[in-house]
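Trainee: As input, take protein39.txt (compact mmCIF, C-alpha atoms and all ligand atoms):
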# COMPACT_ATOMS: atom_id res chain seq x y z
CA PHE A 11 -30.44 13.33 -18.42
CA THR A 12 -32.53 13.30 -21.58
CA VAL A 13 -34.25 10.09 -22.65
CA TRP A 14 -35.36 9.10 -26.13
CA LYS A 15 -37.73 6.14 -26.10
CA THR A 16 -37.91 4.25 -29.38
CA ALA A 17 -39.99 1.33 -30.65
CA ASP A 18 -37.07 -0.96 -31.43
CA PRO A 19 -33.27 -1.21 -31.82
CA ALA A 20 -33.40 -0.03 -35.45
CA SER A 21 -35.11 3.24 -34.51
CA ALA A 22 -32.75 3.65 -31.54
CA GLY A 23 -29.98 3.40 -34.15
CA LYS A 24 -31.61 6.10 -36.30
CA ILE A 25 -32.03 8.58 -33.44
CA SER A 26 -28.50 7.94 -32.15
CA ALA A 27 -27.08 8.37 -35.66
CA GLU A 28 -28.98 11.65 -35.92
CA ILE A 29 -27.38 12.92 -32.70
CA ILE A 30 -23.91 11.91 -33.92
CA ALA A 31 -24.51 13.42 -37.38
CA LYS A 32 -25.55 16.73 -35.79
CA THR A 33 -22.30 16.78 -33.82
CA VAL A 34 -20.28 16.12 -37.00
CA ILE A 35 -22.11 18.84 -38.94
CA ALA A 36 -21.73 21.40 -36.12
CA LYS A 37 -18.03 20.58 -35.68
CA PRO A 38 -16.51 18.85 -38.73
CA ASP A 39 -13.27 18.07 -36.87
CA CYS A 40 -14.98 16.82 -33.71
CA LEU A 41 -13.52 14.01 -31.63
CA LEU A 42 -15.99 11.14 -31.35
CA GLY A 43 -15.57 8.45 -28.71
CA LEU A 44 -16.82 5.21 -30.25
CA ALA A 45 -18.06 1.85 -28.98
CA THR A 46 -18.38 -1.64 -30.41
CA GLY A 47 -20.71 -4.55 -29.57
CA SER A 48 -24.17 -5.36 -30.89
CA THR A 49 -25.94 -2.18 -29.76
CA PRO A 50 -24.13 0.32 -32.04
CA VAL A 51 -24.35 -1.81 -35.20
CA PRO A 52 -27.59 -0.11 -36.39
CA ILE A 53 -26.05 3.30 -35.58
CA TYR A 54 -23.04 2.74 -37.82
CA LYS A 55 -25.32 1.34 -40.52
CA GLU A 56 -27.38 4.52 -40.43
CA LEU A 57 -24.32 6.81 -40.42
CA VAL A 58 -22.94 4.95 -43.44
CA ALA A 59 -26.30 5.42 -45.17
CA GLN A 60 -26.24 9.14 -44.39
CA HIS A 61 -22.70 9.38 -45.74
CA LYS A 62 -23.77 7.70 -48.99
CA LYS A 63 -27.13 9.48 -49.38
CA SER A 64 -26.43 12.93 -47.98
CA ASN A 65 -22.64 13.19 -48.14
CA LEU A 66 -22.25 13.30 -44.37
CA ASP A 67 -18.57 14.23 -44.30
CA PHE A 68 -16.13 12.41 -41.99
CA SER A 69 -12.95 13.69 -43.68
CA LYS A 70 -11.89 15.78 -40.70
CA VAL A 71 -13.57 13.77 -37.93
CA ARG A 72 -11.31 12.15 -35.35
CA THR A 73 -12.26 9.08 -33.36
CA VAL A 74 -11.07 7.21 -30.28
CA ASN A 75 -12.50 3.83 -29.37
CA LEU A 76 -13.34 2.84 -25.84
CA ASP A 77 -11.61 -0.50 -25.71
CA GLU A 78 -9.91 -3.49 -27.29
CA TYR A 79 -9.16 -7.05 -26.24
CA VAL A 80 -5.60 -7.86 -25.24
CA GLY A 81 -3.90 -10.40 -27.48
CA LEU A 82 -6.07 -10.05 -30.59
CA SER A 83 -4.39 -8.58 -33.66
CA ALA A 84 -6.12 -5.89 -35.71
CA GLU A 85 -6.94 -8.54 -38.33
CA HIS A 86 -8.59 -10.96 -35.89
CA PRO A 87 -12.29 -11.17 -36.85
CA GLN A 88 -13.38 -10.56 -33.23
CA SER A 89 -10.99 -7.68 -32.57
CA TYR A 90 -12.57 -4.28 -32.14
CA HIS A 91 -10.21 -3.01 -34.85
CA HIS A 92 -11.82 -5.41 -37.26
CA PHE A 93 -15.29 -4.47 -36.02
CA MET A 94 -14.69 -0.76 -36.62
CA MET A 95 -13.29 -1.30 -40.10
CA SER A 96 -16.04 -3.62 -41.28
CA ASN A 97 -18.98 -1.86 -39.64
CA PHE A 98 -17.93 1.74 -40.16
CA PHE A 99 -14.53 2.98 -41.33
CA ASP A 100 -14.42 0.92 -44.56
CA HIS A 101 -17.66 2.58 -45.71
CA ILE A 102 -17.10 6.29 -44.97
CA ASN A 103 -14.56 8.92 -45.99
CA ILE A 104 -12.70 8.96 -42.68
CA ASP A 105 -8.92 9.43 -42.72
CA LEU A 106 -7.59 6.40 -40.80
CA GLN A 107 -4.77 8.61 -39.48
CA ASN A 108 -7.49 10.36 -37.48
CA THR A 109 -8.72 7.18 -35.80
CA ARG A 110 -7.41 5.46 -32.69
CA ILE A 111 -8.33 2.12 -31.17
CA PRO A 112 -6.39 0.70 -28.21
CA ASP A 113 -3.64 -1.68 -29.34
CA GLY A 114 -4.15 -4.98 -27.55
CA MET A 115 -0.85 -6.23 -29.01
CA ALA A 116 1.32 -3.36 -27.72
CA ALA A 117 4.62 -4.60 -26.30
CA ASP A 118 4.34 -2.24 -23.34
CA LEU A 119 0.64 -2.11 -22.53
CA SER A 120 1.00 0.29 -19.64
CA ALA A 121 3.04 2.80 -21.70
CA PHE A 122 0.48 2.40 -24.48
CA CYS A 123 -2.38 3.31 -22.09
CA ASP A 124 -0.57 6.52 -21.10
CA GLN A 125 -0.01 7.45 -24.74
CA TYR A 126 -3.67 6.79 -25.54
CA GLU A 127 -4.78 9.12 -22.81
CA GLN A 128 -2.29 11.74 -24.02
CA GLN A 129 -3.67 11.47 -27.56
CA ILE A 130 -7.19 12.24 -26.33
CA THR A 131 -5.85 15.30 -24.51
CA ASN A 132 -3.81 16.41 -27.56
CA TRP A 133 -6.92 16.17 -29.70
CA GLY A 134 -8.73 18.52 -27.33
CA GLY A 135 -10.90 16.03 -25.46
CA ILE A 136 -13.91 13.98 -26.55
CA ASP A 137 -16.88 15.95 -27.87
CA LEU A 138 -19.33 13.06 -27.90
CA GLN A 139 -18.81 9.65 -26.31
CA LEU A 140 -21.01 6.81 -27.53
CA LEU A 141 -21.59 4.09 -24.92
CA GLY A 142 -23.31 0.75 -24.74
CA ILE A 143 -23.85 -0.87 -21.37
CA GLY A 144 -22.95 -4.38 -20.20
CA LEU A 145 -25.41 -6.63 -18.39
CA ASN A 146 -23.33 -6.04 -15.25
CA GLY A 147 -23.37 -2.25 -15.72
CA HIS A 148 -19.93 -1.94 -17.30
CA ILE A 149 -19.15 0.92 -19.68
CA GLY A 150 -16.15 0.40 -21.89
CA PHE A 151 -14.58 -2.55 -20.08
CA ASN A 152 -14.82 -0.87 -16.69
CA GLU A 153 -16.12 -3.81 -14.73
CA PRO A 154 -17.86 -3.68 -11.33
CA ALA A 155 -15.21 -2.89 -8.71
CA SER A 156 -14.69 -1.33 -5.31
CA VAL A 157 -13.72 2.05 -6.80
CA PHE A 158 -14.37 3.89 -10.07
CA THR A 159 -11.38 3.62 -12.42
CA ARG A 160 -9.51 6.72 -13.56
CA ARG A 161 -7.76 6.70 -16.93
CA THR A 162 -7.03 4.27 -19.78
CA HIS A 163 -5.75 1.03 -18.29
CA LEU A 164 -5.32 -2.72 -18.62
CA THR A 165 -8.14 -4.67 -17.01
CA ASP A 166 -9.22 -8.25 -16.33
CA LEU A 167 -12.60 -9.18 -17.79
CA THR A 168 -15.17 -10.69 -15.44
CA GLU A 169 -16.63 -14.12 -16.13
CA SER A 170 -20.01 -12.45 -16.70
CA THR A 171 -18.58 -10.25 -19.48
CA ARG A 172 -16.62 -13.12 -21.03
CA LYS A 173 -19.79 -15.25 -21.06
CA ALA A 174 -21.85 -12.39 -22.54
CA ASN A 175 -19.29 -12.00 -25.34
CA GLN A 176 -18.83 -15.72 -25.91
CA ARG A 177 -21.48 -15.51 -28.64
CA PHE A 178 -18.87 -13.97 -30.97
CA PHE A 179 -16.26 -16.71 -30.39
CA ASN A 180 -16.16 -20.49 -30.91
CA SER A 181 -15.83 -21.22 -27.20
CA LEU A 182 -15.55 -19.45 -23.84
CA ASP A 183 -11.90 -20.43 -23.77
CA GLU A 184 -11.20 -18.28 -26.84
CA VAL A 185 -12.64 -15.13 -25.25
CA PRO A 186 -9.70 -12.97 -24.13
CA ARG A 187 -9.24 -12.53 -20.38
CA GLN A 188 -7.93 -8.97 -20.50
CA ALA A 189 -8.64 -5.74 -22.31
CA ILE A 190 -7.44 -2.17 -22.57
CA THR A 191 -10.18 0.30 -21.77
CA MET A 192 -10.62 4.01 -21.30
CA GLY A 193 -11.24 4.61 -17.60
CA ILE A 194 -14.39 5.95 -16.01
CA GLY A 195 -12.42 9.17 -15.49
CA THR A 196 -11.66 9.36 -19.22
CA ILE A 197 -15.31 8.78 -20.12
CA MET A 198 -16.50 11.40 -17.65
CA THR A 199 -14.32 14.08 -19.32
CA ALA A 200 -16.35 13.77 -22.55
CA ARG A 201 -18.42 16.89 -23.13
CA LYS A 202 -21.48 14.88 -24.09
CA ILE A 203 -22.40 11.25 -23.49
CA LEU A 204 -24.76 9.20 -25.62
CA LEU A 205 -25.74 5.94 -23.90
CA VAL A 206 -27.62 3.51 -26.09
CA CYS A 207 -29.44 0.57 -24.57
CA THR A 208 -31.80 -1.88 -26.23
CA GLY A 209 -33.56 -5.12 -25.35
CA ILE A 210 -35.41 -6.52 -22.36
CA LYS A 211 -32.23 -8.13 -20.96
CA LYS A 212 -30.85 -4.63 -20.27
CA ALA A 213 -33.97 -3.29 -18.51
CA GLU A 214 -32.84 -4.13 -14.99
CA ILE A 215 -29.33 -2.70 -15.32
CA LEU A 216 -30.63 0.45 -17.02
CA GLU A 217 -32.94 1.07 -14.07
CA ARG A 218 -30.17 0.44 -11.53
CA THR A 219 -27.86 2.76 -13.48
CA PHE A 220 -30.08 5.82 -13.32
CA PHE A 221 -32.33 5.15 -10.33
CA GLY A 222 -30.08 3.16 -8.02
CA PRO A 223 -27.23 4.44 -5.87
CA ILE A 224 -24.06 5.74 -7.54
CA ASP A 225 -21.89 2.73 -6.88
CA PRO A 226 -18.71 1.42 -8.57
CA MET A 227 -20.34 -2.03 -8.47
CA VAL A 228 -22.62 -0.55 -11.18
CA PRO A 229 -19.96 1.40 -13.11
CA ALA A 230 -22.46 3.16 -15.41
CA SER A 231 -24.20 4.69 -12.36
CA VAL A 232 -21.40 7.29 -12.33
CA LEU A 233 -23.19 8.87 -15.30
CA GLN A 234 -25.68 10.36 -12.80
CA PHE A 235 -22.85 12.82 -12.06
CA HIS A 236 -22.34 13.82 -15.70
CA GLN A 237 -24.04 17.02 -16.79
CA ASN A 238 -24.82 16.13 -20.41
CA VAL A 239 -26.11 12.58 -20.82
CA THR A 240 -28.57 11.49 -23.50
CA VAL A 241 -30.04 8.01 -23.22
CA VAL A 242 -31.52 6.39 -26.30
CA ALA A 243 -33.34 3.20 -25.39
CA ASP A 244 -36.07 1.05 -26.86
CA GLU A 245 -39.36 0.22 -25.15
CA ALA A 246 -38.07 -3.15 -24.00
CA ALA A 247 -35.06 -1.67 -22.18
CA LEU A 248 -37.24 1.05 -20.62
CA LYS A 249 -39.98 -1.36 -19.61
CA THR A 250 -39.55 -0.90 -15.86
CA ILE A 251 -38.78 2.85 -16.00
CA LEU A 252 -41.06 4.60 -18.50
C1 LIG B 1 -17.82 -2.03 -26.41
C2 LIG B 1 -17.96 -1.73 -24.98
C3 LIG B 1 -18.89 -2.49 -24.10
C4 LIG B 1 -20.28 -2.74 -24.73
C5 LIG B 1 -21.15 -3.54 -23.78
C6 LIG B 1 -22.50 -3.85 -24.39
O1 LIG B 1 -16.87 -1.17 -27.00
O2 LIG B 1 -17.28 -0.86 -24.51
O3 LIG B 1 -19.04 -1.80 -22.89
O4 LIG B 1 -20.87 -1.50 -25.02
O5 LIG B 1 -20.52 -4.73 -23.44
O6 LIG B 1 -22.33 -4.70 -25.48
P1 LIG B 1 -23.54 -5.07 -26.46
O7 LIG B 1 -23.90 -3.82 -27.19
O8 LIG B 1 -22.96 -6.10 -27.38
O9 LIG B 1 -24.63 -5.57 -25.59
So that I can check it, write out the structure of this file as structure tokens.

Mentor:
Amino acid sequence: FTVWKTADPASAGKISAEIIAKTVIAKPDCLLGLATGSTPVPIYKELVAQHKKSNLDFSKVRTVNLDEYVGLSAEHPQSYHHFMMSNFFDHINIDLQNTRIPDGMAADLSAFCDQYEQQITNWGGIDLQLLGIGLNGHIGFNEPASVFTRRTHLTDLTESTRKANQRFFNSLDEVPRQAITMGIGTIMTARKILLVCTGIKKAEILERTFFGPIDPMVPASVLQFHQNVTVVADEAALKTIL
């Protein structure tokens, strides 16, 4: 894998945005796999700036998001739908018909997961998948488990993930207990993976991901098997590696 070491999260955002922008310019109707959370916020900020300053064109770009909480409506301030609109889609010229985010309110969640997977296939597969990483090594909401997950599915969130995400809610009790997530198998079909990781708290899991055994208890470690992974990380996250 290729590693970009940056001084801080803001410059990690700039480099990551550059990689995404290059993909969009090379293939204007590319399919981008997108992530939410704190890590990609500076990336979306930079892409919005490039759209405004340099007319980076998203009119034909298609997007699929990794995950969404079960039980939160699109309007809920902590839903990933809301996150994508307010951090990115509201500020660029993307056609919302070309965007997909799992529907955590679907009446038949299992049928929805199958349709989601089918949509990715119909759109020709993911060209570039953006990933953050959880403190427990999750990617998407693929939590540590005894086997690697396959395709888009309904999952229970671990206490560790719920506690890590509590900062966005009023109390731990409000953090949803389930989510829909692309599977590890879905993520691995992406032609290119961009993993972004910042902050000292992530240093240990980043090291285990790339230098530890490939183990479903560290879901991101599966990326050692992927042939086109770029890691963008700041000095703090790379402290024990580089
Ligand atoms: C978000 C997602 C999660 C986050 C991870 C890290 O769509 O799939 O795997 O990337 O929980 O979150 P932050 O960036 O908030 O530390």

Trainee: Would you mind listing, for every residue of region 13-116 of chain A within 12 Å of region 183-203 of chain A, the two atoms forming the shortest contact and the distance between them in Å to one decimal, using all atoms listed in the file, sorted by chain and ascending residue number, as a Markdown table?

Mentor:
| residue | atom | partner | partner_atom | distance |
| --- | --- | --- | --- | --- |
| A:Val13 | CA | A:Ile203 | CA | 11.9 |
| A:Ser26 | CA | A:Ile203 | CA | 11.1 |
| A:Ile29 | CA | A:Ile203 | CA | 10.6 |
| A:Ile30 | CA | A:Lys202 | CA | 10.6 |
| A:Thr33 | CA | A:Lys202 | CA | 9.9 |
| A:Cys40 | CA | A:Arg201 | CA | 11.1 |
| A:Leu41 | CA | A:Ala200 | CA | 9.5 |
| A:Leu42 | CA | A:Ala200 | CA | 9.2 |
| A:Gly43 | CA | A:Ala200 | CA | 8.2 |
| A:Leu44 | CA | A:Ile203 | CA | 10.6 |
| A:Ala45 | CA | A:Thr191 | CA | 10.8 |
| A:Val74 | CA | A:Met192 | CA | 9.5 |
| A:Asn75 | CA | A:Met192 | CA | 8.3 |
| A:Leu76 | CA | A:Met192 | CA | 5.4 |
| A:Asp77 | CA | A:Thr191 | CA | 4.3 |
| A:Glu78 | CA | A:Ile190 | CA | 5.5 |
| A:Tyr79 | CA | A:Ala189 | CA | 4.2 |
| A:Val80 | CA | A:Ala189 | CA | 4.7 |
| A:Gly81 | CA | A:Pro186 | CA | 7.2 |
| A:Leu82 | CA | A:Pro186 | CA | 8.0 |
| A:Ser83 | CA | A:Pro186 | CA | 11.8 |
| A:His86 | CA | A:Glu184 | CA | 11.9 |
| A:Gln88 | CA | A:Val185 | CA | 9.2 |
| A:Ser89 | CA | A:Pro186 | CA | 10.0 |
| A:Tyr90 | CA | A:Ala189 | CA | 10.7 |
| A:Arg110 | CA | A:Met192 | CA | 11.9 |
| A:Ile111 | CA | A:Ile190 | CA | 9.7 |
| A:Pro112 | CA | A:Ile190 | CA | 6.4 |
| A:Asp113 | CA | A:Ile190 | CA | 7.8 |
| A:Gly114 | CA | A:Ile190 | CA | 6.6 |
| A:Met115 | CA | A:Ile190 | CA | 10.1 |
| A:Ala116 | CA | A:Ile190 | CA | 10.2 |

Trainee: Determine the nearest neighbour of ligand LIG 1 (chain B) from the options A:Ala27, A:Ala20, A:Leu140, A:Val228, counting all atoms listed in the file.

Mentor: A:Leu140

Trainee: Which one of A:Phe158, A:Leu145, A:Ala230, A:Leu167 sits closest to Lys212 (chain A) if you count only C-alpha atoms?

Mentor: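 Of the candidates, the smallest distance to Lys212 (chain A) is held by A:Leu145.
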
Trainee: Taking only residues of chain A that have an atom at most 7 Å from an atom of ligand LIG 1 (chain B), what is each one's shortest atom pair and its distance in Å to one decimal, using only C-alpha atoms and all ligand atoms, in chain and number order, as CSV?

Mentor:
residue,atom,partner,partner_atom,distance
A:Ala45,CA,B:LIG1,O1,3.8
A:Thr46,CA,B:LIG1,O1,3.8
A:Gly47,CA,B:LIG1,O8,3.5
A:Ser48,CA,B:LIG1,O8,3.8
A:Thr49,CA,B:LIG1,O7,3.7
A:Pro50,CA,B:LIG1,O7,6.4
A:Leu76,CA,B:LIG1,O1,5.5
A:Asp77,CA,B:LIG1,O1,5.5
A:Leu141,CA,B:LIG1,O4,5.6
A:Gly142,CA,B:LIG1,O4,3.3
A:Ile143,CA,B:LIG1,C6,4.5
A:Gly144,CA,B:LIG1,O5,4.1
A:His148,CA,B:LIG1,O3,5.7
A:Ile149,CA,B:LIG1,O3,4.2
A:Gly150,CA,B:LIG1,O2,3.1
A:Phe151,CA,B:LIG1,O3,5.3

Trainee: Skipping near chain neighbours, those fewer than 2 positions away, what residues fall within 12 Å of region 245-252 of chain A using all atoms listed in the file, listed as number ranges by chain?

Mentor: A: 13-22, 49, 143, 145, 206-222, 241-243

Trainee: How many Å lie between CA of Ala155 (chain A) and CA of Pro226 (chain A), rounded to one decimal?

Mentor: 5.6 Å

Trainee: Using CA of Ser96 (chain A) and CA of Ala84 (chain A) as the two end points, give the distance in Å to one decimal.

Mentor: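 So the two atoms, CA of Ser96 (chain A) and CA of Ala84 (chain A), lie 11.6 Å apart.
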
Trainee: Go ahead and compute the interatomic distance for CA of Leu205 (chain A) and CA of Ile130 (chain A), in Å to one decimal.

Mentor: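 Those two atoms sit 19.7 Å apart.
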
Trainee: Between A:Leu204, A:Ile224, A:Arg161, A:Leu57, single out the one closest to Phe11 (chain A), counting all atoms listed in the file.

Mentor: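 Between A:Leu204, A:Ile224, A:Arg161, A:Leu57, the residue approaching Phe11 (chain A) most closely is A:Leu204.
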
Trainee: Some atoms are absent from region 38-62 of chain A, so rebuild N, CA and C atoms and return them as a tab-separated table (two decimals), in the coordinates of the input.

Mentor:
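Output below, filename rebuild.tsv:
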chain	number	residue	atom	x	y	z
A	38	PRO	N	-17.02	19.86	-37.78
A	38	PRO	CA	-16.51	18.85	-38.73
A	38	PRO	C	-15.24	18.14	-38.26
A	39	ASP	N	-14.47	18.77	-37.36
A	39	ASP	CA	-13.27	18.07	-36.87
A	39	ASP	C	-13.45	17.61	-35.42
A	40	CYS	N	-14.70	17.25	-35.09
A	40	CYS	CA	-14.98	16.82	-33.71
A	40	CYS	C	-14.23	15.53	-33.38
A	41	LEU	N	-14.09	15.28	-32.09
A	41	LEU	CA	-13.52	14.01	-31.63
A	41	LEU	C	-14.66	13.16	-31.08
A	42	LEU	N	-14.92	12.06	-31.77
A	42	LEU	CA	-15.99	11.14	-31.35
A	42	LEU	C	-15.38	9.98	-30.58
A	43	GLY	N	-15.95	9.66	-29.45
A	43	GLY	CA	-15.57	8.45	-28.71
A	43	GLY	C	-16.51	7.35	-29.16
A	44	LEU	N	-15.97	6.24	-29.64
A	44	LEU	CA	-16.82	5.21	-30.25
A	44	LEU	C	-16.82	3.90	-29.46
A	45	ALA	N	-17.88	3.13	-29.67
A	45	ALA	CA	-18.06	1.85	-28.98
A	45	ALA	C	-18.28	0.74	-30.00
A	46	THR	N	-18.10	-0.48	-29.57
A	46	THR	CA	-18.38	-1.64	-30.41
A	46	THR	C	-19.50	-2.45	-29.76
A	47	GLY	N	-19.64	-3.71	-30.13
A	47	GLY	CA	-20.71	-4.55	-29.57
A	47	GLY	C	-21.92	-4.55	-30.48
A	48	SER	N	-22.98	-5.23	-30.04
A	48	SER	CA	-24.17	-5.36	-30.89
A	48	SER	C	-24.97	-4.06	-30.95
A	49	THR	N	-25.06	-3.35	-29.83
A	49	THR	CA	-25.94	-2.18	-29.76
A	49	THR	C	-25.64	-1.13	-30.83
A	50	PRO	N	-24.36	-0.76	-31.06
A	50	PRO	CA	-24.13	0.32	-32.04
A	50	PRO	C	-24.19	-0.09	-33.51
A	51	VAL	N	-24.36	-1.39	-33.79
A	51	VAL	CA	-24.35	-1.81	-35.20
A	51	VAL	C	-25.37	-1.02	-36.04
A	52	PRO	N	-26.64	-0.90	-35.58
A	52	PRO	CA	-27.59	-0.11	-36.39
A	52	PRO	C	-27.22	1.38	-36.51
A	53	ILE	N	-26.47	1.89	-35.52
A	53	ILE	CA	-26.05	3.30	-35.58
A	53	ILE	C	-25.05	3.49	-36.72
A	54	TYR	N	-24.05	2.61	-36.77
A	54	TYR	CA	-23.04	2.74	-37.82
A	54	TYR	C	-23.67	2.53	-39.20
A	55	LYS	N	-24.62	1.61	-39.26
A	55	LYS	CA	-25.32	1.34	-40.52
A	55	LYS	C	-26.00	2.62	-41.02
A	56	GLU	N	-26.65	3.30	-40.10
A	56	GLU	CA	-27.38	4.52	-40.43
A	56	GLU	C	-26.41	5.64	-40.81
A	57	LEU	N	-25.30	5.75	-40.10
A	57	LEU	CA	-24.32	6.81	-40.42
A	57	LEU	C	-23.70	6.56	-41.79
A	58	VAL	N	-23.46	5.29	-42.11
A	58	VAL	CA	-22.94	4.95	-43.44
A	58	VAL	C	-23.97	5.34	-44.51
A	59	ALA	N	-25.24	5.05	-44.23
A	59	ALA	CA	-26.30	5.42	-45.17
A	59	ALA	C	-26.35	6.94	-45.36
A	60	GLN	N	-26.20	7.68	-44.28
A	60	GLN	CA	-26.24	9.14	-44.39
A	60	GLN	C	-25.02	9.66	-45.15
A	61	HIS	N	-23.89	8.99	-44.98
A	61	HIS	CA	-22.70	9.38	-45.74
A	61	HIS	C	-22.95	9.17	-47.24
A	62	LYS	N	-23.54	8.02	-47.58
A	62	LYS	CA	-23.77	7.70	-48.99
A	62	LYS	C	-24.87	8.55	-49.61
